[in-house]
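To start, the structure itself, in structure tokens.
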Amino acid sequence: MSGQGKRMRLEEDEGGETPSREEQEEDGFDPMAFYKQQQQAMLLQATQHVEQTRDEIERVQEQAEQEASGVRRPRRSAATAATMALSYMQNNDSAMDNRIFGNEKAEEQEYARDREDVEDEEAGEDVVFQTPIAPAPRAKAKATPVRGPGTASRRGRPPGSARGAGSNKPRGGGRGRAKRDWGGDDDDGDFEEMPKKGGQRGRRPAMPTAEDENSLYFIVRTGRASLQQTVDDWIEEYKVDRDGALLKLMQYFISASGCKGKITSEMQVTLEHADIIRRMTEEFDEESGEYPLTTPGQYWKKFKGNFCEFVQLLVKQCQYSIIYDQYLMDNVISLLTQLSDSQVRAFRHTSTLAALKLMTALVDVALTVSINLDNTARQYDSERAKSKDKRAADRLEVLMTKRQELEENMDEIKNMLTYMFKSVFVHRYRDTLPEIRSICMQEIGTWMKKFHQNFLDDSYLKYIGWTLHDKVGDVRLKCLQSLEPLYASEELKGKLELFTSKFKDRIVSMTLDKEFDVAVEAVKLVISILKFHQEILSDKDCEHVYELVYSSHRAVAQAAGEFLNERLFLPDEEAVRDLRTKRGKKRLPNTPLIRDLVQFFIESELHEHGSYLVDSLIESNPMMKDWECMTDLLIEEPGPMEEGLDDRQETSLIEIMVCCIRQSATGDPPVGRGSSRKVLSARETKQIQDDKIALTSHFITTLPQLLHKYLPDPEKMANLLVIPQYFDLEIYTTSRQEKALESLLRLVQEVVDKHSDTDVLETAAQTLEKLCDDQFPIFSRCETNRSRLLDMVSNRYRESLDEYTNLLTGDEEPDQDEVYALVSSLKKVSIFYNCHDMGHWNIWSGLLEIVTRARDCLVEKQPLWVPEEAVKYCLLGCYFGLLWDKNSLAENLGGSTTHDNITDLKDRLAKFMQVSKEMMGLEGAGAQLKEEAFISICDLLIVFGHCGEGSGQAPLKPLAFKPDEGMGVLLNIFIQDHVFIEDEDEDIDDHQKIEELHKRRNFLACYCKLVVYNVLPTKSAADVLKHYVTFYNDYGDIIKATLGKARENNKTNCAKTMIQSLIYKFNELQQETGGVDRGSEDFHAIKELAKRFALSFGLDALKNRDAVASLHREGILVAVNPLENPEDPAGAPPNLAFLEILTEFTGKLLKQDKKVVLGYLDKRIAGGVPNSRGEDWAPLNMYRNSLVHGEGDEGRGASHQAKRQYNRKRRRSGSDEDDDPDDEDFRM
């Protein structure tokens, strides 16, 4: 070859011979022929030399393999390189020809550049061949070589790295039992760097290559073979060629990181691990940021599991010999350690997972070795304890040798674990990537649980304690999950004392963690601490957990319920062994527990949340369904050795019992807990049915006793009367309990007769409605009793009204008893009219008469002739009567319903609506009457507003009731006066404020429904929308929903309503201040309202095209009318500032529509604009600029997508110039 390093080859002439010297001289000197001769000679010589070298290497390797029994043959890198050289010389002819015979200068320059690049590249590239560097001869492995901390090694971190000496050295040169200088904590993981695209100067980009189907990564990822088979095949390959097998394993970790780079055998021979990783980093040219461990989907989730299992299975299969060969583990640990320190997240994440799973597998091996070591030591001691004549000397020696070998193996594994812990875990447990921190916490917990002799120590526990404060919930969760099995073990109790004293407060505080999963796990951990370290938890710690039974999150509350069970509700049969009631009945085992539960409920002072306490305990404590125990405590007289329940305890027990009954019979958790769309499984359904049968069977007989005992107490009766609503009513018939039914019905009637409490009466009416179900055989009996009860209610009303009227007729003043009797009887009428049709009792006209007379009194400004509360109940009774009558007519269409019935109902409806409307408008009417009249009108408008429009409902068409304009105005005035008001009374407590807010929200919802269902025109909502921003916290959700529904009904009308609400606000501002200050806070509030409205249009400008255009048209008309300013003839129109508000909507216009709007604006304001414009004309400039420049200051990005979509369509259908800006009709 030439001195310049050029490679030359001359092709032989086909069928020709080499010319003689005479011929050459005759023809002159031919340089081409000369070069051919030289090349042939050189090629022949090089071929012979390479073949001899390869044969010699193979012979030496075979000889070395025969001499070293049990030691695998060295790597065949040199022979492989020789083969590559020969192949190159024989097969790369065309490249040489191009280099030698190319005549163009450009090719020569390119060759020179390529040669410079080649000199910079490592061996193994396909560009040129370089003589491979043969590996240095390796000494035979010694038993326990010692390498000093400064000794150089074949693998390791390059000089000047951050780690201490020896920290990156492989274990290939020996077992490395010398103490290592671990160095300080490495902060490499505290920042990340994306891999560079491309490589060094002049490096060609890697070309995409087909995936190697024989690679470990491909096999594990695709599941082409079982992991067991894959590991076995690799081990067999390792026994034959451990260099090649190690290369495949190294490539497995690289590929599993998502890197496309390939490690060649040449790189394995000549490069340090750090250099290999650097090379792979350069070839890691993925841009997505995803890699196998983070790619979503079931496929990659399965791969992650297989990836971890492969590593652990590999160690398990190699645990008896290969992991101790001072080669495999040393190289794998060295590679993974340095990969885990990479700035490339994919390398760091994947290698950390592999390294920690490798440690977990080594922990399993250590446990096996430990067991074998204990067995061997026991056998050795047993053999040695024998007398000399019975002792087997050879067996003692074998056991001694085996024991020493196992001890060496244990030391080796511990060294590996210690090295990897300090090289990987210590640096990665605080990695920037939370997934890596989670892996660290999960695996260290596994090590502590399995190999607590080595890892359950404060020097390791501290890492979990520190990470309990991690800012990522999943990491904190993994910490708690690692600690839980440790605290749940009595055996490990002593090793956790110091840790618990340091971190107990943190663990208890985590029960209030913002991540519910973490809070649940923290409660479970506190339960474990309570079981085995009860003395550690203080009463204050326990109280923190107690309160969580009322948490809105069900899992947290149920975990706290488990804590209560362990702390307060442990069964104690000894405590009730001698307890008996007064009549001698033995108390059940749960009696003291239920007493404690009642006391806990009372002390928690959350008496309205009994259902939440019950839900926390009902699935974990059987006492919550011990109906007999509960009713015994209520019915049975206390015995001589116990105290009876006081009134408060009885009330609390009844409330808890009813909550238990409700949840057992329905399976529904309280409001705010659990999914509202939960589908019950067959098992859950059967459990509910069984519970329902059990409670029905018990309470059929005991409930009448309870009702009889607590009949005078309204609070207890309101709860007890709920119970029959959850009965399985079939059992009354199947178990022949008709007498119990009669007793129950009689008691219900007695309750209605004696009580006037609203809750008691409403519960009684609902229970009676539930019992009067025509699906059950008991219906006829219940119907008879219902008729008797309604007779009593209507008769009491008539009697009290007659007595009251007679007193007034005789000029006597009714005393308090007569007034109470009238009000109470009307309350019962309204409540029972709600649940039962009382039309047959013909009291409706009498109720309306009372309301009419009350209205007349108010019109004449005279005192009401009956109490205001009585008039309210009459309004309610009339309202329910109209609903029942309409329902009855609808059900009997084609049957008993006649035209006269419909006409009669229509007349009564008109009378009631007129009276209610007038009642709302009277100043002297009390708040109760106005509120009741408002709700009645709104609901009846919904029911009768579109009456007769449904399928088959045509005969009911005459009942349709449409509100007139005056009614709409009255309803709007009521909303403004009773809903959109500020709370001025500071003395009202929070509970009353919440109740008042609920009432106002109900009023607003009633009004908005009229707009949503097209009973009132959409523009009626303008006075509501103007409060959107001001009252956003109180009513924002209702107004937003109304806006959305109105847009679904008619986009254009909705847009006009929006602009109308802005006009209202603008006019109010003008009237209040006498002008418009564009810098004022009130003006900015109007702009904020406009911005909210603009955002509600969404991104699709095409869909809202007409609506937005009409909005701008209405806004422009307001701004330019009047055009003349009466105060300043040269000034801007007085309403021009409205254009600044309108600017908020410019971004919602399509590009071509902006031209139309601009033309419309110029046409409307033409001639009214002077040449010199002052500050008062700024809104016009702002609005025009937003139209001219294509988009306004606000909403700029929101419309891009829609505008692009529309523009694409316009290019297909026509040009932008098709719109005429001067069109009179403002066409788009």
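By convention here, the chains of the structure tokens are called A, B, ... in the order presented, each chain's residues are numbered starting at 1, and ligands are numbered starting at 1 in the order presented.
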Problem - Nearby residues (only C-alpha atoms) at most 10 Å from A:Val1012, same-chain spacing under 6 positions excluded, as a list in words - result: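 These residues fall inside the cut-off: Thr1018, Ala1021, Ala1041, Thr1042, Leu1043, Gly1044, Lys1045, Ala1046, Arg1047, Glu1048 and Asn1049 of chain A.
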For the selection you just gave me, I'd like the residues written to a file as a compact mmCIF listing (two decimals), in the first residue's frame, keeping C-alpha atoms.
# COMPACT_ATOMS: atom_id res chain seq x y z
CA THR A 1018 -84.29 33.61 25.80
CA ALA A 1021 -82.18 35.62 30.85
CA ALA A 1041 -75.51 25.74 32.50
CA THR A 1042 -78.35 28.08 31.49
CA LEU A 1043 -76.09 29.76 28.95
CA GLY A 1044 -75.09 26.42 27.47
CA LYS A 1045 -78.67 25.16 27.18
CA ALA A 1046 -79.86 28.45 25.68
CA ARG A 1047 -77.12 28.21 23.04
CA GLU A 1048 -78.28 24.69 22.19
CA ASN A 1049 -81.80 26.00 21.70
Problem - Residue neighbourhood A:Tyr879, 10 Å, only C-alpha atoms, exclusion window fewer than 5 positions, as a list in words - result: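 Listing them by chain and then by number gives Ser830, Tyr833, Asn834, Trp844, Leu848, Tyr873, Cys874, Trp884, Leu909, Phe912, Met913, Glu932, Ala933, Ile935, Ser936, Ile937, Asp939 and Leu940 of chain A.
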Handout entry: Interatomic distance, atom CA of A:Phe499 to atom CA of A:Glu547 (Å, one decimal)
Key =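 Taking atom CA of A:Phe499 and atom CA of A:Glu547, their separation equals 25.9 Å.
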Practice task
With a distance cut-off of 8 Å and only C-alpha atoms, select the neighbouring residues of A:Leu1025, excluding the residue or stretch itself and same-chain residues fewer than 4 positions from it, and output the selection as an MDAnalysis selection string.
Solution key: chainID A and resid 1021 1039 1058 1061
Same residues, N, CA and C atoms, output as a compact mmCIF listing (two decimals), in the first residue's frame:
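Final output, out-v7.txt:
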# COMPACT_ATOMS: atom_id res chain seq x y z
N ALA A 1021 -83.35 35.97 30.04
CA ALA A 1021 -82.18 35.62 30.85
C ALA A 1021 -81.15 36.72 30.90
N ILE A 1039 -75.78 29.66 36.15
CA ILE A 1039 -75.82 30.59 35.02
C ILE A 1039 -75.09 30.00 33.82
N MET A 1058 -76.75 37.74 25.34
CA MET A 1058 -75.47 38.13 25.93
C MET A 1058 -75.23 39.62 25.75
N SER A 1061 -77.42 41.73 27.95
CA SER A 1061 -77.00 41.80 29.35
C SER A 1061 -75.85 42.79 29.52
Exercise for the section: Take atom CA of A:Ile507 and atom CA of A:Leu468 and report the distance between them in Å, one decimal. Expected result: 7.9 Å
Completion exercise
Judged by only C-alpha atoms, the minimum distance to A:Phe310 among A:Asp1037, A:Glu818, A:Asp232, A:Asp626 is found for A:Asp232
Practice task
For stretch 242-252 of chain A, please output as number ranges by chain all residues within 8 Å (counting only C-alpha atoms; exclusion window: fewer than 4 positions along the same chain).
Solution key: A: 72, 74-75, 215-217, 234-235, 237-238, 256, 262-265, 268, 328, 332, 335
Handout entry: Nearest to A:Ser916 by atom-to-atom distance, counting only C-alpha atoms, from A:Ala1085, A:Cys878, A:Val1120, A:Val475
Key =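 Going through A:Ala1085, A:Cys878, A:Val1120, A:Val475 one by one, the smallest distance to A:Ser916 is for A:Cys878.
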